[in-house]
Amino acid sequence: MAIAKNSRVEGRKSLNYFSTVSIAVLLAFCLIGIWIVISFIAPLQNSELQVSETINEVKNIVGENAFTQSENSSAGIVDESIKADLQDNKFEGENLLKNQEEQKASGDLYDNTAVENRLEDTMRKISDEKNDSDEGSSTHEKDLTKNLNSESVETGPVGFQTNDEKNLDKNDGNNTLGTEKSTGNNKLQDEMASETVEEKIKKNMRSEIERATGESIMGNHDSSQTSEEAFDAHTESGIFNNATTENGTWSTQAVESQHLKETQASLISNDSNKYEWKLCKTTAGPEYIPCLDNWQSIRRLRSIRHYEHWERHCPDEAPTCLVPLTEGYRIPIKWPKSREMIWYKNAPHTKLAEVKGHQNWVKVAGEYLSFPGGGTQFKQGALHYIEFIQKSLPKIAWGKRSCVVLDVGCGVASFGGYLFEKDVLTMSLAPKDVHEAQVQFALERGIPAILGAMGTKRLPFPGSVFDLVHCARCRVPWHLEGGRLLLELNRVLRPGGCFVWSATPVYQKNPEDSGIWKDMGEITKAMCWDLVAIGRDKVNGVAAAIYRKPTSNECYNSRAKNEPPLCSELDDANAAWNVSLETCMHKIPVGASERGSVWPVRWPVRLEKPPYWLNSQAGVYGRPAPVEFTADSRHWKNVLSHSYMDGMGINWSSVRNVMDMRAVYGGFAAALKSFKVWVMNVVPIDSPDTLAIIYERGLFGIYHDWCESFNTYPRSYDLLHADYLFSKTKERCNIVAVIAEVDRIMRPEGYLIVRDNVESTDEIENIAKSLHWDIRFKYSNVNEGILCIQKTFWRPTQTETIVSAIA
């Protein structure tokens, strides 16, 4: 019992003892807490002094690369290996305390313990970055450099530089990738205070990319002024206005949201795996032309009296299959050697060699087809014949006064091929008729030519644009039906221009030829054409009659009979796409500001000078037309010299036949004029009708609807240029069918340059990849994109039968 009692007493004593200790400890903690509160919570009037002292302490701490620990922390020393990084980041502590000053201004109190903890976190972050950089900085910098080099390939060519990029080009011109040195500028150091080493490298990489975007990537980094001029020209010509909102440079939320939606939809829908390509199975095989080989429609024609079967009859749906290559197809021989010979297997047809070989049209020579330069009316060569025409009428002045020629019934186009030496562009025209592959031969030789027939429709050219029209036994019955087809030549011939007719009725006296000559005399007199010369070529044993279209309406008004009649005032001479022929004549323009009232200035001034009749007109983009004309020319010269010639991976020595799929003022073709290439300028039927301006410059072109096939053989062009074409065309037709047409007319290893909005260039890129084409160059910014794609020899293995094209 005594033992038990003592135990209880001892227990109570122990309990009292621990209770006393607990109370003492609690009181001690309370006192410590009060002391801490008194010590660390300062009045507002003393806070500024504390902040100043804290800043000085932080500077000293960071400068010595060490931390002073609190009483409750274990001591620690920062590793000497991170001193360099601490020095680079010493302003980070200042940045944190600067934030504290801002908080003070709004009435906040400072917790020094929190500040110390944030500083500890900062130093720990620096230490971690240092360790990471020690382990892999070299590899990381190499990867960054490699990424920069690969990204730089896709930076913007001249013509896509924005004002912001030009400013970046000036401000960031001295930045160097992966290097960040002190400049002594405190403001700059403050801005960089919170950057880590990795962030600095990334920032510099972005700066380099942005700087490269603002410069030419084609080896012209010192030509900043030229780059700016190119951008200015692009802006002046209105090219960038395709996507401009009514709010000027400020976009709207609706536009931004719609842009993102379209981008997302494009990324979802443009999966290259969804495109399943097949070869077109047709009667024409490798020479398939959808709108000329539509046998389903041709068989339904009620008559072919007016050569309706040689005109366009497009299928209801444009094909999306690919035309096969000829067996053994090879890259064409380069100009000018190609004018004399081509690969036989590229156009394996011998009928013309058999029928016209004695006239020196074409001959078979082993693996080649050779072209001696002859024709039905100039067996001894085209050059002699060309000189003979000028001697017959010196005022023709090849390459000075006469620069744009239409050669009807061109054969293999040797006439146009040799006129290049005279600075004359010739639109060679012939139907896909019994003279097998004549236009195909011309294009393979590097001579401009199109397929077409003078039948029931107007030719796809504006009125009054050709300086001269030529026909050497072209098999066109000019004298029939009151000169119906001759009146179409009158429509496209410039007032004061000449029609050179080299045919047997001019010099042979048999009854048939004599009758045709008589009929032609009566018709041309009624049309007020003057027979200004009849030249005789003793070498070739032929003669040519040269007629001249009037330059005033005096003759028209003085005729005894109004036959052929004058066209109605409502009949637009420039309306030519799918318009039926009319047996009438349009009045001669005589007003000082009317196109056609004055002959264009002589070459080469003609190429660069805005036509006189533009002075009174507004341009395509709303500014005065002469201003836009000049800006467009300057723009394309700069783009060509600073981007296209060197920076896209194009082998220009292999380029001869070029097409501008959406020409406006012809600036692109004009810029290429001295590069020994020719350009077919296409003005789409849904674009502003500027084709007459292009002819006025001494260039040529054609109207076309890109929802249908073009009147040319497969593999006709070395380079196609599409400036804001696809974004407009896909609103009306299947873009896959349009690209299938591009594939059809472009040669293997040919190039397609696309300039358009980003959604369209992304879509075209995806389709191109599905065709196994090579992406040679790509660039895009917020609104615009540019692609350079090279076609390959790839062809699919599966076939698709085109019922309409089976004869």
# chains A, B, ... in the order shown; residues from 1 in each chain; ligands from 1
call {"tool": "residues_around", "arguments": {"residues": "Leu486 in chain A", "least_positions_apart": "3", "cutoff": "10 Å", "atoms": "only C-alpha atoms", "output": "list in words"}}
result
Met454, Val476, Pro477, Trp478, His479, Leu480, Glu481, Gly482, Gly483, Leu489, Asn490, Arg491, Phe499, Met520, Ile523, Thr524, Met527 and Thr583 of chain A
call {"tool": "select_by_dssp", "arguments": {"residues": "range 428-660 of chain A", "states": "helix (DSSP H, G or I)", "output": "ChimeraX atom specification"}}
result
/A:438-445,484-492,504-507,511-526,554-558,605-608,612-614,625-644,652-654
call {"tool": "residues_around", "arguments": {"residues": "range 569-576 of chain A", "least_positions_apart": "2", "cutoff": "6 Å", "atoms": "only C-alpha atoms", "output": "number ranges by chain"}}
result
A: 458, 460, 462-463, 579
call {"tool": "residues_around", "arguments": {"residues": "Cys567 in chain A", "least_positions_apart": "5", "cutoff": "7 Å", "atoms": "only C-alpha atoms", "output": "number ranges by chain"}}
result
A: 584-586
call {"tool": "select_by_dssp", "arguments": {"residues": "range 536-753 of chain A", "states": "strand (DSSP E or B)", "output": "number ranges by chain"}}
result
A: 536-537, 542-548, 566, 580, 585, 618, 624, 657-660, 678-684, 701-704, 717-723, 746-753
call {"tool": "closest_residue", "arguments": {"among": "A:Ile806, A:Leu787, A:Val658, A:Cys555", "to": "Ile588 in chain A", "atoms": "only C-alpha atoms"}}
result
A:Cys555
call {"tool": "atom_distance", "arguments": {"atom1": "CA of Leu691 in chain A", "atom2": "CA of Ile745 in chain A"}}
result
21.5 Å
